[in-house]
>>> print(open('protein35.csv').read())   # CSV, C-alpha atoms and all ligand atoms
chain,number,residue,atom,x,y,z
N,1,MET,CA,58.1,85.9,110.5
N,2,ARG,CA,59.5,89.3,109.6
N,3,LEU,CA,63.3,89.2,109.7
N,4,ILE,CA,65.7,92.0,108.6
N,5,ALA,CA,69.3,91.0,108.2
N,6,ILE,CA,71.9,93.8,108.4
N,7,ASP,CA,75.5,92.8,107.5
N,8,GLY,CA,78.6,94.8,106.9
N,9,PRO,CA,82.1,95.5,108.2
N,10,GLY,CA,83.0,97.2,111.5
N,11,GLY,CA,82.1,100.9,111.7
N,12,SER,CA,79.7,100.8,108.8
N,13,GLY,CA,76.9,102.0,111.1
N,14,LYS,CA,75.2,98.6,111.5
N,15,SER,CA,74.5,99.0,115.2
N,16,THR,CA,73.3,102.6,115.1
N,17,VAL,CA,71.1,102.0,112.1
N,18,SER,CA,69.6,98.7,113.4
N,19,LYS,CA,68.9,100.3,116.8
N,20,ALA,CA,67.0,103.2,115.1
N,21,LEU,CA,65.2,100.9,112.8
N,22,ALA,CA,64.1,98.6,115.6
N,23,LEU,CA,62.6,101.6,117.4
N,24,ARG,CA,60.9,102.8,114.3
N,25,LEU,CA,59.4,99.4,113.4
N,26,GLY,CA,58.8,98.2,117.0
N,27,LEU,CA,61.0,95.1,116.4
N,28,GLU,CA,63.5,93.4,118.7
N,29,ARG,CA,67.2,93.6,117.7
N,30,LEU,CA,70.0,91.1,118.0
N,31,ASP,CA,73.7,92.2,117.9
N,32,THR,CA,75.5,89.0,116.9
N,33,GLY,CA,78.9,90.6,117.0
N,34,ALA,CA,78.4,91.0,120.8
N,35,MET,CA,78.0,87.2,121.0
N,36,TYR,CA,81.3,86.5,119.2
N,37,ARG,CA,82.9,89.2,121.5
N,38,ALA,CA,81.6,87.4,124.6
N,39,VAL,CA,83.3,84.1,123.5
N,40,ALA,CA,86.5,86.1,122.8
N,41,LEU,CA,86.3,87.7,126.3
N,42,LEU,CA,85.8,84.3,127.9
N,43,ALA,CA,88.7,82.8,126.0
N,44,LEU,CA,91.0,85.7,127.1
N,45,ARG,CA,89.9,85.3,130.7
N,46,ARG,CA,90.3,81.5,130.8
N,47,GLY,CA,93.6,81.5,128.9
N,48,VAL,CA,92.1,79.5,126.0
N,49,ASP,CA,94.2,79.6,122.8
N,50,VAL,CA,92.4,81.6,120.1
N,51,HIS,CA,93.6,78.9,117.6
N,52,ASP,CA,92.0,76.0,119.5
N,53,GLY,CA,88.6,75.6,117.8
N,54,PRO,CA,87.4,72.6,119.8
N,55,ALA,CA,88.2,74.3,123.2
N,56,LEU,CA,86.6,77.6,122.0
N,57,GLY,CA,83.5,75.6,120.9
N,58,ARG,CA,83.2,74.1,124.4
N,59,LEU,CA,83.4,77.6,125.9
N,60,ALA,CA,80.7,78.9,123.5
N,61,ARG,CA,78.4,76.0,124.4
N,62,SER,CA,79.0,76.4,128.1
N,63,MET,CA,78.3,80.1,128.5
N,64,VAL,CA,75.0,81.6,129.6
N,65,LEU,CA,74.6,84.7,127.5
N,66,GLU,CA,71.8,87.2,127.3
N,67,VAL,CA,72.0,89.8,124.6
N,68,ASN,CA,69.6,92.7,125.1
N,69,ALA,CA,70.3,96.4,125.8
N,70,SER,CA,73.0,95.0,128.1
N,71,ILE,CA,75.1,92.0,127.4
N,72,LEU,CA,75.1,89.5,130.4
N,73,LEU,CA,77.7,86.8,130.4
N,74,ASP,CA,77.1,84.2,133.1
N,75,GLY,CA,75.2,86.9,134.9
N,76,GLU,CA,77.9,89.6,134.7
N,77,ASP,CA,77.3,92.8,132.7
N,78,VAL,CA,80.1,92.8,130.1
N,79,SER,CA,78.6,95.5,127.8
N,80,SER,CA,81.7,97.7,127.9
N,81,THR,CA,84.3,95.0,128.6
N,82,ILE,CA,83.6,93.3,125.3
N,83,ARG,CA,84.5,96.5,123.4
N,84,THR,CA,88.0,96.9,124.7
N,85,GLY,CA,91.1,96.7,122.5
N,86,ASP,CA,92.1,93.2,123.7
N,87,VAL,CA,88.7,91.8,122.6
N,88,ASP,CA,88.9,93.7,119.3
N,89,ALA,CA,92.2,92.0,118.6
N,90,ALA,CA,91.0,88.5,119.5
N,91,VAL,CA,87.5,88.4,118.2
N,92,SER,CA,88.1,87.8,114.5
N,93,LEU,CA,90.5,84.9,115.3
N,94,VAL,CA,87.9,83.4,117.7
N,95,SER,CA,85.0,83.8,115.2
N,96,ARG,CA,86.9,81.9,112.4
N,97,HIS,CA,86.2,78.5,114.0
N,98,PRO,CA,83.3,76.4,112.8
N,99,GLU,CA,82.8,75.0,116.4
N,100,VAL,CA,82.1,78.5,117.7
N,101,ARG,CA,80.0,79.6,114.7
N,102,GLU,CA,77.8,76.5,114.9
N,103,GLU,CA,76.8,77.1,118.5
N,104,LEU,CA,76.2,80.9,118.0
N,105,VAL,CA,74.2,80.4,114.8
N,106,LYS,CA,72.0,77.9,116.6
N,107,ARG,CA,71.4,80.5,119.4
N,108,GLN,CA,70.7,83.2,116.8
N,109,ARG,CA,68.0,81.0,115.1
N,110,GLN,CA,66.5,80.2,118.5
N,111,TRP,CA,66.3,83.9,119.3
N,112,ALA,CA,64.5,84.6,116.1
N,113,ASP,CA,62.0,81.8,116.7
N,114,ARG,CA,61.3,83.0,120.2
N,115,HIS,CA,60.8,86.6,119.1
N,116,GLY,CA,58.9,85.8,115.9
N,117,GLY,CA,61.6,87.6,113.8
N,118,GLY,CA,63.3,90.9,114.4
N,119,ILE,CA,66.4,92.8,113.2
N,120,VAL,CA,69.6,90.8,113.3
N,121,GLU,CA,73.0,92.4,112.6
N,122,GLY,CA,76.3,90.8,111.9
N,123,ARG,CA,78.6,89.5,109.1
N,124,ASP,CA,76.8,86.3,107.8
N,125,ILE,CA,73.2,86.9,108.7
N,126,GLY,CA,71.8,87.2,105.1
N,127,SER,CA,74.2,84.7,103.7
N,128,VAL,CA,74.2,81.9,106.2
N,129,VAL,CA,72.0,82.4,109.3
N,130,PHE,CA,68.8,83.6,107.6
N,131,PRO,CA,69.2,83.2,103.9
N,132,ASP,CA,65.4,83.6,103.6
N,133,ALA,CA,65.2,86.9,105.5
N,134,THR,CA,62.4,89.3,104.5
N,135,LEU,CA,65.0,92.0,103.7
N,136,LYS,CA,68.8,91.8,103.5
N,137,ILE,CA,70.9,94.9,103.8
N,138,TYR,CA,74.7,95.2,103.3
N,139,LEU,CA,75.9,98.4,104.9
N,140,THR,CA,79.3,99.7,104.1
N,141,ALA,CA,81.3,103.0,104.3
N,142,SER,CA,84.8,104.0,103.4
N,143,ALA,CA,87.6,102.8,105.7
N,144,SER,CA,88.5,106.3,106.8
N,145,VAL,CA,84.9,107.1,107.8
N,146,ARG,CA,84.6,103.8,109.6
N,147,ALA,CA,87.8,104.5,111.5
N,148,MET,CA,86.6,108.0,112.5
N,149,ARG,CA,83.3,106.7,113.8
N,150,ARG,CA,84.9,103.9,115.8
N,151,ALA,CA,87.5,106.4,117.2
N,152,ARG,CA,84.7,108.7,118.3
N,153,GLU,CA,82.9,105.9,120.1
N,154,PHE,CA,86.1,105.4,122.1
N,155,ASP,CA,86.3,109.1,123.0
N,156,ALA,CA,82.9,110.2,124.3
N,157,ARG,CA,84.0,113.9,124.4
N,158,GLY,CA,84.3,113.8,120.6
N,159,GLU,CA,87.8,115.1,120.5
N,160,VAL,CA,89.4,112.7,118.1
N,161,ASP,CA,93.1,112.2,118.2
N,162,PRO,CA,94.6,111.6,114.7
N,163,ASP,CA,96.8,108.9,116.1
N,164,VAL,CA,93.8,107.0,117.6
N,165,VAL,CA,92.1,107.3,114.2
N,166,SER,CA,95.1,105.8,112.4
N,167,THR,CA,95.5,102.9,114.9
N,168,THR,CA,91.7,102.3,114.8
N,169,ARG,CA,91.9,102.2,111.0
N,170,GLU,CA,94.7,99.6,111.1
N,171,SER,CA,92.7,97.5,113.6
N,172,ILE,CA,89.5,97.7,111.4
N,173,GLU,CA,91.4,96.8,108.3
N,174,ARG,CA,93.1,93.8,110.0
N,175,ARG,CA,89.6,92.5,111.2
N,176,ASP,CA,88.1,93.1,107.7
N,177,GLU,CA,90.8,91.0,106.2
N,178,ILE,CA,90.3,88.1,108.6
N,179,ASP,CA,86.5,88.3,108.5
N,180,SER,CA,86.4,88.5,104.6
N,181,THR,CA,88.9,85.7,103.9
N,182,ARG,CA,88.0,83.1,106.5
N,183,HIS,CA,86.8,79.7,105.2
N,184,ASP,CA,83.6,79.4,107.2
N,185,SER,CA,80.9,82.1,106.5
N,186,PRO,CA,83.1,85.0,105.3
N,187,LEU,CA,81.8,88.6,105.3
N,188,LEU,CA,80.3,89.0,101.8
N,189,ILE,CA,77.3,90.6,100.1
N,190,ALA,CA,74.6,88.0,100.4
N,191,ASP,CA,72.5,87.0,97.4
N,192,GLY,CA,69.6,89.4,97.1
N,193,ALA,CA,71.1,92.0,99.6
N,194,VAL,CA,70.7,95.7,99.0
N,195,VAL,CA,74.0,97.5,99.4
N,196,ILE,CA,73.9,100.9,101.2
N,197,ASP,CA,77.0,103.1,101.4
N,198,SER,CA,76.7,105.2,104.5
N,199,THR,CA,79.9,107.2,103.9
N,200,SER,CA,78.2,110.6,103.4
N,201,ARG,CA,74.7,109.9,104.7
N,202,THR,CA,73.1,110.4,108.1
N,203,VAL,CA,71.6,107.6,110.2
N,204,ALA,CA,68.1,109.1,109.6
N,205,GLU,CA,68.6,108.9,105.8
N,206,VAL,CA,69.8,105.3,105.9
N,207,VAL,CA,66.9,104.3,108.2
N,208,ASP,CA,64.4,106.0,105.9
N,209,GLU,CA,65.7,104.2,102.9
N,210,ILE,CA,65.5,100.8,104.6
N,211,ALA,CA,62.0,101.5,106.0
N,212,ALA,CA,60.8,102.4,102.5
N,213,MET,CA,61.8,99.0,101.2
N,214,LEU,CA,59.5,97.1,103.6
N,301,LIG,O1,80.1,93.8,114.7
N,301,LIG,P1,81.3,93.7,115.6
N,301,LIG,O2,82.5,94.5,115.3
N,301,LIG,O3,80.9,93.8,117.1
N,301,LIG,O4,81.8,92.1,115.4
N,301,LIG,C1,82.9,91.6,116.1
N,301,LIG,C2,83.5,90.4,115.4
N,301,LIG,O5,82.6,89.3,115.4
N,301,LIG,C3,83.8,90.6,113.9
N,301,LIG,O6,85.1,91.1,113.7
N,301,LIG,C4,83.6,89.2,113.3
N,301,LIG,C5,82.7,88.5,114.3
N,301,LIG,N1,81.3,88.3,113.8
N,301,LIG,C6,81.1,87.3,113.0
N,301,LIG,O7,82.1,86.5,112.6
N,301,LIG,N2,79.9,87.0,112.5
N,301,LIG,C7,78.8,87.8,112.9
N,301,LIG,N3,77.6,87.4,112.5
N,301,LIG,C8,79.0,88.9,113.7
N,301,LIG,C9,80.3,89.2,114.1
>>> encode(input="protein35.csv", output="structure tokens")
Amino acid sequence: MRLIAIDGPGGSGKSTVSKALALRLGLERLDTGAMYRAVALLALRRGVDVHDGPALGRLARSMVLEVNASILLDGEDVSSTIRTGDVDAAVSLVSRHPEVREELVKRQRQWADRHGGGIVEGRDIGSVVFPDATLKIYLTASASVRAMRRAREFDARGEVDPDVVSTTRESIERRDEIDSTRHDSPLLIADGAVVIDSTSRTVAEVVDEIAAML
């Protein structure tokens, strides 16, 4: 099974790069961040406390989730709802809990079995979910470039307000801190991962570099 793990912090270009790489290689892609976001959205909607691991675990186990080009949560298309500020603020807290991680990691492994491999992006893919992946990439970029990219995603017209960039940077740094210091499966560079800094490189350059490693 050919499995490519792409990990890294928010705004490092994981999604853009893995989409382009999936097209190039004809592989399926799984965005595991979307799965954690779906649990966070469900928790917000049902009023479940983001500190209540057992209750969050029950939510994760009960949801019907399809992660393809669109994200379907219990049949509803939540592709854009999972990217709002409320979910951004809750998702790192929700994803700290082992009860949540256990269920989502199980689903991620089932997905790979069903598809015979693919490109899986997240925070702990090379370290925990698929430690024997064919190739492990850790994608990173400077905090200011990551904030600029995220701010641009929010504003489709491309006119980026400096205030939005600075609040986005604060939100990204807050999430980095929680994701990197949590007890269960923190964001880290997995053993054997190749680190690629995308700060001053185009998507095409990064995709070429990864494709050349296969
Ligand atoms: O990649 P993203 O920004 O959509 O991820 C959202 C959050 O989900 C991130 O802040 C931490 C969590 N996450 C995780 O804990 N493990 C993963 N494999 C993917 C995401």
>>> closest_residue(input="protein35.csv", among="N:Ile210, N:Val194, N:Ala34, N:Leu23", to="ligand LIG 301 (chain N)", atoms="only C-alpha atoms and all ligand atoms")
N:Ala34
>>> atom_distance(input="protein35.csv", atom1="CA of Leu44 (chain N)", atom2="CA of Val100 (chain N)")
14.8 Å
>>> residues_around(input="protein35.csv", residues="region 63-77 of chain N", least_positions_apart="6", cutoff="10 Å", atoms="all atoms listed in the file", output="compact mmCIF listing (two decimals) with C-alpha atoms, in the frame of the given file")
# COMPACT_ATOMS: atom_id res chain seq x y z
CA LYS N 19 68.90 100.30 116.80
CA GLU N 28 63.50 93.40 118.70
CA ARG N 29 67.20 93.60 117.70
CA LEU N 30 70.00 91.10 118.00
CA ASP N 31 73.70 92.20 117.90
CA THR N 32 75.50 89.00 116.90
CA ALA N 34 78.40 91.00 120.80
CA MET N 35 78.00 87.20 121.00
CA ALA N 38 81.60 87.40 124.60
CA VAL N 39 83.30 84.10 123.50
CA LEU N 41 86.30 87.70 126.30
CA LEU N 42 85.80 84.30 127.90
CA ARG N 107 71.40 80.50 119.40
CA TRP N 111 66.30 83.90 119.30
>>> closest_residue(input="protein35.csv", among="N:Gly33, N:Gly47, N:Pro9, N:Gly192", to="ligand LIG 301 (chain N)", atoms="only C-alpha atoms and all ligand atoms")
N:Gly33
>>> residues_near_ligand(input="protein35.csv", ligand="ligand LIG 301 (chain N)", cutoff="9 Å", atoms="all atoms listed in the file", output="PyMOL selection string")
chain N and resi 7-11+14-15+31-37+40+82-83+87-96+101+104-105+120-125+129+172+175-176+178-179+185-187
>>> residues_around(input="protein35.csv", residues="region 132-135 of chain N", least_positions_apart="2", cutoff="10 Å", atoms="all atoms listed in the file", output="compact mmCIF listing (two decimals) with C-alpha atoms, in the coordinates of the input")
# COMPACT_ATOMS: atom_id res chain seq x y z
CA MET N 1 58.10 85.90 110.50
CA ARG N 2 59.50 89.30 109.60
CA LEU N 3 63.30 89.20 109.70
CA ILE N 4 65.70 92.00 108.60
CA ALA N 5 69.30 91.00 108.20
CA ILE N 6 71.90 93.80 108.40
CA GLY N 117 61.60 87.60 113.80
CA GLY N 118 63.30 90.90 114.40
CA ILE N 119 66.40 92.80 113.20
CA VAL N 120 69.60 90.80 113.30
CA ILE N 125 73.20 86.90 108.70
CA GLY N 126 71.80 87.20 105.10
CA SER N 127 74.20 84.70 103.70
CA VAL N 128 74.20 81.90 106.20
CA VAL N 129 72.00 82.40 109.30
CA PHE N 130 68.80 83.60 107.60
CA ILE N 137 70.90 94.90 103.80
CA GLY N 192 69.60 89.40 97.10
CA ALA N 193 71.10 92.00 99.60
CA VAL N 194 70.70 95.70 99.00
CA ILE N 210 65.50 100.80 104.60
CA MET N 213 61.80 99.00 101.20
CA LEU N 214 59.50 97.10 103.60
>>> closest_residue(input="protein35.csv", among="N:Val165, N:Ala147, N:Ala43, N:Leu188", to="Leu59 (chain N)", atoms="all atoms listed in the file")
N:Ala43
>>> atom_distance(input="protein35.csv", atom1="CA of Ser142 (chain N)", atom2="CA of Thr199 (chain N)")
5.9 Å
>>> closest_residue(input="protein35.csv", among="N:Gly26, N:Arg45, N:Asp52, N:Arg169", to="Asp86 (chain N)", atoms="only C-alpha atoms")
N:Arg45
>>> atom_distance(input="protein35.csv", atom1="CA of Leu56 (chain N)", atom2="CA of Pro98 (chain N)")
9.8 Å
>>> axis_aligned_box(input="protein35.csv", around="region 55-62 of chain N", padding_each_side="3 Å", output="JSON")
{"center_x": 83.3, "center_y": 76.5, "center_z": 124.5, "size_x": 15.8, "size_y": 10.8, "size_z": 13.2}
>>> closest_residue(input="protein35.csv", among="N:Ala211, N:Ala22, N:Val206, N:Leu27", to="Ala141 (chain N)", atoms="all atoms listed in the file")
N:Val206
>>> closest_residue(input="protein35.csv", among="N:His115, N:Gly85, N:Val207, N:Tyr138", to="Thr168 (chain N)", atoms="all atoms listed in the file")
N:Gly85
